[in-house]
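> The structure that follows is given in the form of structure tokens.
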There are 2 protein chains.
Amino acid sequence: MGSTGHRGNLITAGGRAAKRPTMLDVARHAGVSLKTVSRVINAEDGVAPATAERVRLASRELGFRRNDVARDLRTGASSATVGFVMGDVGNPFYAAMHRAIEQVADERDHLVVTASSEEDPTRERELLLELCRRRVDGLLVVPTAADHAYLSLEIDLGTPVVALDRALGAVGADCVVPDNVNAARAGVAGLISAGHDRIVALTSSDFAALDERVEGYRLAMLEAGRAPVVVDVEQDPRAARAATMDVVAWAQPPTALFSVNNRLSVGVVGALLRTQADVELLAFDTFELADVLPIELHIIAHDPAEMGRIGAEFLFDRLDGFEGEPRKHVVSTRSWSYTRD
Amino acid sequence: MGSTGHRGNLITAGGRAAKRPTMLDVARHAGVSLKTVSRVINAEDGVAPATAERVRLASRELGFRRNDVARDLRTGASSATVGFVMGDVGNPFYAAMHRAIEQVADERDHLVVTASSEEDPTRERELLLELCRRRVDGLLVVPTAADHAYLSLEIDLGTPVVALDRALGAVGADCVVPDNVNAARAGVAGLISAGHDRIVALTSSDFAALDERVEGYRLAMLEAGRAPVVVDVEQDPRAARAATMDVVAWAQPPTALFSVNNRLSVGVVGALLRTQADVELLAFDTFELADVLPIELHIIAHDPAEMGRIGAEFLFDRLDGFEGEPRKHVVSTRSWSYTRD
DNA sequence: GTGAAAGCGCTAACAC
DNA sequence: GTGTTAGCGCTTTCAC
């Protein structure tokens, strides 16, 4: 034990570094005071060129890297990070959101630290609070929990919070949300006026956003004097696929399916392509390859990137000192169709 | 200006919080010393129950949240974060990797801070160095730059680095990479022995991983006495789609296409579905809906999640004190086919 | 030009 | 049981 570490690259030492050198180490190495090192590292002037050069050399020799954590503590500067908590980074929908957030954050020289809540309210809460203890400047969250009262405190304490994709109840947070009810309602109404008799909705209940979409479906059906039929499954492509297989095999199969989000849609598409069933699909959210599938496909989409971007902008407005009432932005949904050609 | 802020929830104040309270604030509020507060907050014992209760009350009233940044500085504890720099978080391939990293990090109570290099070596370097200044415990990177010599220093300074998807040149970093050359070679050889005459490769050159896959293609073709034909496009689905449109319209169109990654494959699929061309596709990497498309599809896949998981485990091994020579893990590739029915 | 001392918010090592 | 002092790595203030 001792010198078996990967070969050192430091000029000073042959072995591995015990700890990162501090300004004091550099100062001693250069034979100057701590403060002089600080001046050189931060490019302040008032240091003789020769001294500065000596310091730079020492810094390079020791491999000095300023500790920005300590710096921020002393200056009272922010950590220049924002937290982003959503359901699952692995989901392309959230990944797109993440990307947009990152772009806005990057313009303001902020890094983003992400965490997946796995749709678990307890976990969500812990993550959010941990991010506060780490003193992120602000929080972006795709809320899972029903009760976010604990966030009010953090907001009052100076950590702004922006909710994405869903609002945050009574908490005074900005939010950016799609108009789920109306978008779904209009989409379904469109199917009905195109002559569809039987339209079945596929959802995972207990997710507020999805419930709203189902509500839009219900409204459209009732307005047209039709009976809503809702199939409830796990929020998982495989479950959606199995359910779709079932549904298309009914004695009176639907003429169209309404799938409330992209995870479910992927499963539905799988089933439809396999069974060759003559069923059209109305899908909330897009997914890869939607444009090239050989099925009648109607899409209602709200852009996760747009939500991320606007949400991040809301957040930075607060960080810039904006103190108005909580704002709510409803992102536009677009809808379009792909026909079998 | 003044009291227009969102309604305060603090018991103490009516307006907005100027700054987050410190332990000293709590101490004064409770009429005890700083250290007593520290004991209570950290659940150390040796505090009279009554005193502890007073402190807890004061803490709650002021909305105290321990500043873990300051705490870590004092204790010398790590920041309990790891950095992850890849091409683009919005790309599902990286998102899957991110997810796996997050899971491993979470088991070790670490958060992950992500940043997209946008395949720009300069940006990549800046991000990596910034993460070091912020004192992340370790770095995971999908390398873009050719020269990462600067990372040797960080590694020697105690910040381990693990490269994902590509190795890191002369830098003494662990890495986990797919066996690009052999996997591609075997895939193409399979096509040849299945009777394919003309196989064209579609790639974006100058990405090392992709070049290796093309190299595998070349080898397989040459071994079979066939002339390699490589089409080089921007790494973008649209570009791939346009190129594919072109290729299938050749006087002697290929009988199969080899697409070297998922971004390109998505474009190729778009073109193939539209043109109804009778061309099989060999694709490196999977993509959503691959399993249900009505085309002859052969997949060579290395799992981004597996790479992320193993990479993160490598990283935590180092953080746990492992000091062996840099390790290289070659992830297995699997291959399978989907036929038209 | 340069440096000594104090302090950011917290904890470690002692005292009382 | 509780408080005091020092100090993590840095910047700020002010003296020389």
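Just remember, in the structure tokens the first chain shown is A, the second B, etc., residues are 1-based per chain, and ligands are 1-based in the order shown.
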Assign secondary structure with DSSP using the backbone only, and return the residues of region 186-318 of chain B in strand (DSSP E or B) as a list of chain:residue names.
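After running DSSP on the backbone, region 186-318 of chain B has strand (DSSP E or B) at B:Ile199, B:Val200, B:Ala201, B:Leu202, B:Thr203, B:Val229, B:Val230, B:Val231, B:Asp232, B:Ala256, B:Leu257, B:Phe258, B:Ser259, B:Glu280, B:Leu281, B:Leu282, B:Ala283, B:Phe284, B:Leu297, B:His298, B:Ile299, B:Ile300, B:Ala301.
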> Include N, CA and C atoms and write out the residues we just selected as a PDB file, in the first residue's frame.

```
ATOM      1  N   ILE B 199     -24.519  -3.397 -48.992  1.00  0.00           N
ATOM      2  CA  ILE B 199     -24.807  -2.827 -47.674  1.00  0.00           C
ATOM      3  C   ILE B 199     -24.113  -1.472 -47.578  1.00  0.00           C
ATOM      4  N   VAL B 200     -24.905  -0.450 -47.279  1.00  0.00           N
ATOM      5  CA  VAL B 200     -24.346   0.901 -47.187  1.00  0.00           C
ATOM      6  C   VAL B 200     -24.374   1.354 -45.726  1.00  0.00           C
ATOM      7  N   ALA B 201     -23.291   1.958 -45.291  1.00  0.00           N
ATOM      8  CA  ALA B 201     -23.237   2.473 -43.919  1.00  0.00           C
ATOM      9  C   ALA B 201     -23.542   3.960 -43.900  1.00  0.00           C
ATOM     10  N   LEU B 202     -24.304   4.370 -42.909  1.00  0.00           N
ATOM     11  CA  LEU B 202     -24.641   5.786 -42.737  1.00  0.00           C
ATOM     12  C   LEU B 202     -24.068   6.243 -41.405  1.00  0.00           C
ATOM     13  N   THR B 203     -23.260   7.288 -41.459  1.00  0.00           N
ATOM     14  CA  THR B 203     -22.587   7.701 -40.232  1.00  0.00           C
ATOM     15  C   THR B 203     -22.400   9.213 -40.166  1.00  0.00           C
ATOM     16  N   VAL B 229     -19.281   1.068 -48.666  1.00  0.00           N
ATOM     17  CA  VAL B 229     -19.817   2.350 -49.134  1.00  0.00           C
ATOM     18  C   VAL B 229     -20.331   3.103 -47.908  1.00  0.00           C
ATOM     19  N   VAL B 230     -19.721   4.231 -47.645  1.00  0.00           N
ATOM     20  CA  VAL B 230     -20.078   4.966 -46.439  1.00  0.00           C
ATOM     21  C   VAL B 230     -20.666   6.330 -46.809  1.00  0.00           C
ATOM     22  N   VAL B 231     -21.838   6.611 -46.274  1.00  0.00           N
ATOM     23  CA  VAL B 231     -22.439   7.919 -46.480  1.00  0.00           C
ATOM     24  C   VAL B 231     -22.310   8.709 -45.179  1.00  0.00           C
ATOM     25  N   ASP B 232     -21.784   9.902 -45.313  1.00  0.00           N
ATOM     26  CA  ASP B 232     -21.476  10.691 -44.126  1.00  0.00           C
ATOM     27  C   ASP B 232     -22.422  11.899 -44.043  1.00  0.00           C
ATOM     28  N   ALA B 256     -29.448  -3.430 -47.858  1.00  0.00           N
ATOM     29  CA  ALA B 256     -29.504  -3.166 -46.416  1.00  0.00           C
ATOM     30  C   ALA B 256     -28.705  -1.919 -46.078  1.00  0.00           C
ATOM     31  N   LEU B 257     -29.149  -1.238 -45.031  1.00  0.00           N
ATOM     32  CA  LEU B 257     -28.452  -0.053 -44.539  1.00  0.00           C
ATOM     33  C   LEU B 257     -27.935  -0.336 -43.136  1.00  0.00           C
ATOM     34  N   PHE B 258     -26.770   0.194 -42.844  1.00  0.00           N
ATOM     35  CA  PHE B 258     -26.244   0.097 -41.489  1.00  0.00           C
ATOM     36  C   PHE B 258     -26.181   1.512 -40.919  1.00  0.00           C
ATOM     37  N   SER B 259     -26.991   1.750 -39.905  1.00  0.00           N
ATOM     38  CA  SER B 259     -27.040   3.074 -39.304  1.00  0.00           C
ATOM     39  C   SER B 259     -26.335   3.023 -37.959  1.00  0.00           C
ATOM     40  N   GLU B 280     -33.458  -3.514 -45.766  1.00  0.00           N
ATOM     41  CA  GLU B 280     -33.416  -3.873 -44.358  1.00  0.00           C
ATOM     42  C   GLU B 280     -32.533  -2.879 -43.620  1.00  0.00           C
ATOM     43  N   LEU B 281     -32.730  -2.815 -42.322  1.00  0.00           N
ATOM     44  CA  LEU B 281     -31.934  -1.867 -41.539  1.00  0.00           C
ATOM     45  C   LEU B 281     -31.205  -2.571 -40.411  1.00  0.00           C
ATOM     46  N   LEU B 282     -29.908  -2.336 -40.376  1.00  0.00           N
ATOM     47  CA  LEU B 282     -29.119  -2.763 -39.228  1.00  0.00           C
ATOM     48  C   LEU B 282     -28.805  -1.502 -38.437  1.00  0.00           C
ATOM     49  N   ALA B 283     -29.274  -1.450 -37.220  1.00  0.00           N
ATOM     50  CA  ALA B 283     -29.128  -0.215 -36.448  1.00  0.00           C
ATOM     51  C   ALA B 283     -28.311  -0.439 -35.180  1.00  0.00           C
ATOM     52  N   PHE B 284     -27.401   0.465 -34.932  1.00  0.00           N
ATOM     53  CA  PHE B 284     -26.657   0.434 -33.671  1.00  0.00           C
ATOM     54  C   PHE B 284     -27.435   1.298 -32.689  1.00  0.00           C
ATOM     55  N   LEU B 297     -35.752  -5.256 -39.326  1.00  0.00           N
ATOM     56  CA  LEU B 297     -34.883  -4.453 -38.490  1.00  0.00           C
ATOM     57  C   LEU B 297     -33.957  -5.333 -37.666  1.00  0.00           C
ATOM     58  N   HIS B 298     -32.673  -5.036 -37.733  1.00  0.00           N
ATOM     59  CA  HIS B 298     -31.702  -5.757 -36.915  1.00  0.00           C
ATOM     60  C   HIS B 298     -31.050  -4.746 -35.983  1.00  0.00           C
ATOM     61  N   ILE B 299     -31.034  -5.094 -34.728  1.00  0.00           N
ATOM     62  CA  ILE B 299     -30.521  -4.148 -33.745  1.00  0.00           C
ATOM     63  C   ILE B 299     -29.236  -4.668 -33.106  1.00  0.00           C
ATOM     64  N   ILE B 300     -28.276  -3.793 -32.981  1.00  0.00           N
ATOM     65  CA  ILE B 300     -27.114  -4.064 -32.131  1.00  0.00           C
ATOM     66  C   ILE B 300     -27.220  -3.047 -31.007  1.00  0.00           C
ATOM     67  N   ALA B 301     -27.324  -3.522 -29.807  1.00  0.00           N
ATOM     68  CA  ALA B 301     -27.547  -2.551 -28.744  1.00  0.00           C
ATOM     69  C   ALA B 301     -26.572  -2.718 -27.601  1.00  0.00           C
TER      70      ALA B 301
END
```
> Identify every residue of chain C that has at least one atom within 7 Å of any atom of chain B, counting only C-alpha atoms (C1' of nucleotides), and report the result as a list in words.
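My answer is DG9, DC10 and DT11 of chain C.
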> Could you work out which residues of chain D fall inside 7 Å of chain B? Count only C-alpha atoms (C1' of nucleotides), and format the result as a list of chain:residue names.
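Therefore, the residues near the partner are D:DG1, D:DG3, D:DC8.
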> Identify which of the residues B:Asn261, B:Ser335, B:Thr275, B:Gln235 lies closest to chain A, counting only C-alpha atoms when measuring atom-to-atom distances.
B:Thr275
> Considering only C-alpha atoms, can you say which of B:Pro92, B:Gly195, B:Pro237, B:Gly308 comes closest to chain A?
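With only C-alpha atoms as the atom set, the closest residue is B:Pro92.
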> Using only C-alpha atoms (C1' of nucleotides), which residues sit within 6 Å of region 164-173 of chain A once same-chain residues fewer than 5 positions away are excluded, as a PDB file with N, CA and C atoms, in the first residue's frame?

```
ATOM      1  N   VAL A 141     -39.970  22.039 -10.087  1.00  0.00           N
ATOM      2  CA  VAL A 141     -40.485  20.736  -9.702  1.00  0.00           C
ATOM      3  C   VAL A 141     -41.717  20.352 -10.514  1.00  0.00           C
ATOM      4  N   VAL A 142     -41.740  19.105 -10.925  1.00  0.00           N
ATOM      5  CA  VAL A 142     -42.951  18.542 -11.505  1.00  0.00           C
ATOM      6  C   VAL A 142     -43.620  17.813 -10.348  1.00  0.00           C
ATOM      7  N   SER A 152     -44.065  26.317   1.117  1.00  0.00           N
ATOM      8  CA  SER A 152     -44.349  27.733   1.368  1.00  0.00           C
ATOM      9  C   SER A 152     -43.236  28.354   2.180  1.00  0.00           C
ATOM     10  N   PRO A 326     -47.757  35.198  -7.469  1.00  0.00           N
ATOM     11  CA  PRO A 326     -47.420  33.994  -8.228  1.00  0.00           C
ATOM     12  C   PRO A 326     -48.058  34.031  -9.620  1.00  0.00           C
TER      13      PRO A 326
END
```
> Extract the full set of helix (DSSP H, G or I) residues from region 228-310 of chain B according to DSSP on the backbone, and format it as a ChimeraX atom specification.
/B:237-248,262-275,290-292,304-310
> Quick check: residues of chain A within 7 Å of chain B, only C-alpha atoms, returned as a ChimeraX atom specification.
/A:4-6,8-10,16-17,19-20,63,65-70,73,89-90,92,95-96,98-99,112-114,133-135,152-153,156-158,172,266,270,273-274,288-289,292,323-326
> May I have the residues within 12 Å of DC14 (chain D) as a list in words, using only C-alpha atoms (C1' of nucleotides) and disregarding those fewer than 3 positions away in the same chain?
DG3, DA4, DA5 and DA6 of chain C
> Go through A:Val214, A:Leu264, A:Ala224, A:Ala209 one by one, measure the shortest atom-to-atom distance of each to Asp197 (chain A) using only C-alpha atoms, and give the residue with the smallest value.
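Comparing A:Val214, A:Leu264, A:Ala224, A:Ala209 against Asp197 (chain A), the winner is A:Ala224.
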> If I take C1' of DT2 (chain D) and CA of Gly31 (chain B), how far is one from the other in Å, to one decimal?
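Calculated distance between C1' of DT2 (chain D) and CA of Gly31 (chain B) is 12.0 Å.
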> Work out how far apart CA of Asp120 (chain A) and CA of Leu139 (chain B) are and give it in Å to one decimal.
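These atoms are spaced 27.6 Å apart.
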> What is the distance between CA of His196 (chain A) and CA of Val331 (chain A), in Å to one decimal?
28.1 Å
> Tell me, as a list in words, which residues lie within 10 Å of Arg56 (chain B), counting only C-alpha atoms (C1' of nucleotides); anything in the same chain fewer than 3 positions away does not count.
Val26, Ala30, Val37, Val40, Ile41, Ala50, Thr51, Ala52, Glu53, Ser59, Arg60, Glu61, Leu62 and Phe64 of chain B
> For the residues in the current selection, export C-alpha atoms as a PDB file, in the first residue's frame.

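Generated output (result-v8.pdb):
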```pdb
ATOM      1  CA  VAL B  26     -31.937  30.533  16.414  1.00  0.00           C
ATOM      2  CA  ALA B  30     -34.108  30.659  22.079  1.00  0.00           C
ATOM      3  CA  VAL B  37     -28.533  24.813  18.806  1.00  0.00           C
ATOM      4  CA  VAL B  40     -30.253  19.962  18.943  1.00  0.00           C
ATOM      5  CA  ILE B  41     -30.302  20.331  15.183  1.00  0.00           C
ATOM      6  CA  ALA B  50     -36.696  21.403  28.011  1.00  0.00           C
ATOM      7  CA  THR B  51     -33.825  23.306  26.384  1.00  0.00           C
ATOM      8  CA  ALA B  52     -34.046  21.152  23.310  1.00  0.00           C
ATOM      9  CA  GLU B  53     -37.712  21.876  23.012  1.00  0.00           C
ATOM     10  CA  SER B  59     -35.937  26.858  14.879  1.00  0.00           C
ATOM     11  CA  ARG B  60     -39.419  26.260  13.602  1.00  0.00           C
ATOM     12  CA  GLU B  61     -40.499  29.807  14.191  1.00  0.00           C
ATOM     13  CA  LEU B  62     -37.628  31.226  12.227  1.00  0.00           C
ATOM     14  CA  PHE B  64     -34.252  27.461  10.138  1.00  0.00           C
TER      15      PHE B  64
END
```
> Of the residues A:Ala189, A:Val136, A:Val55, A:Val176, which is the one nearest to Tyr217 (chain A), using only C-alpha atoms?
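Ranking A:Ala189, A:Val136, A:Val55, A:Val176 by distance to Tyr217 (chain A), first place goes to A:Ala189.
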> List the neighbours of Ala208 (chain B) out to 10 Å using only C-alpha atoms (C1' of nucleotides); skip same-chain residues closer than 2 positions along the sequence, and give me the result as an MDAnalysis selection string.
chainID B and resid 143:146 165:167 180 204:206 210:214
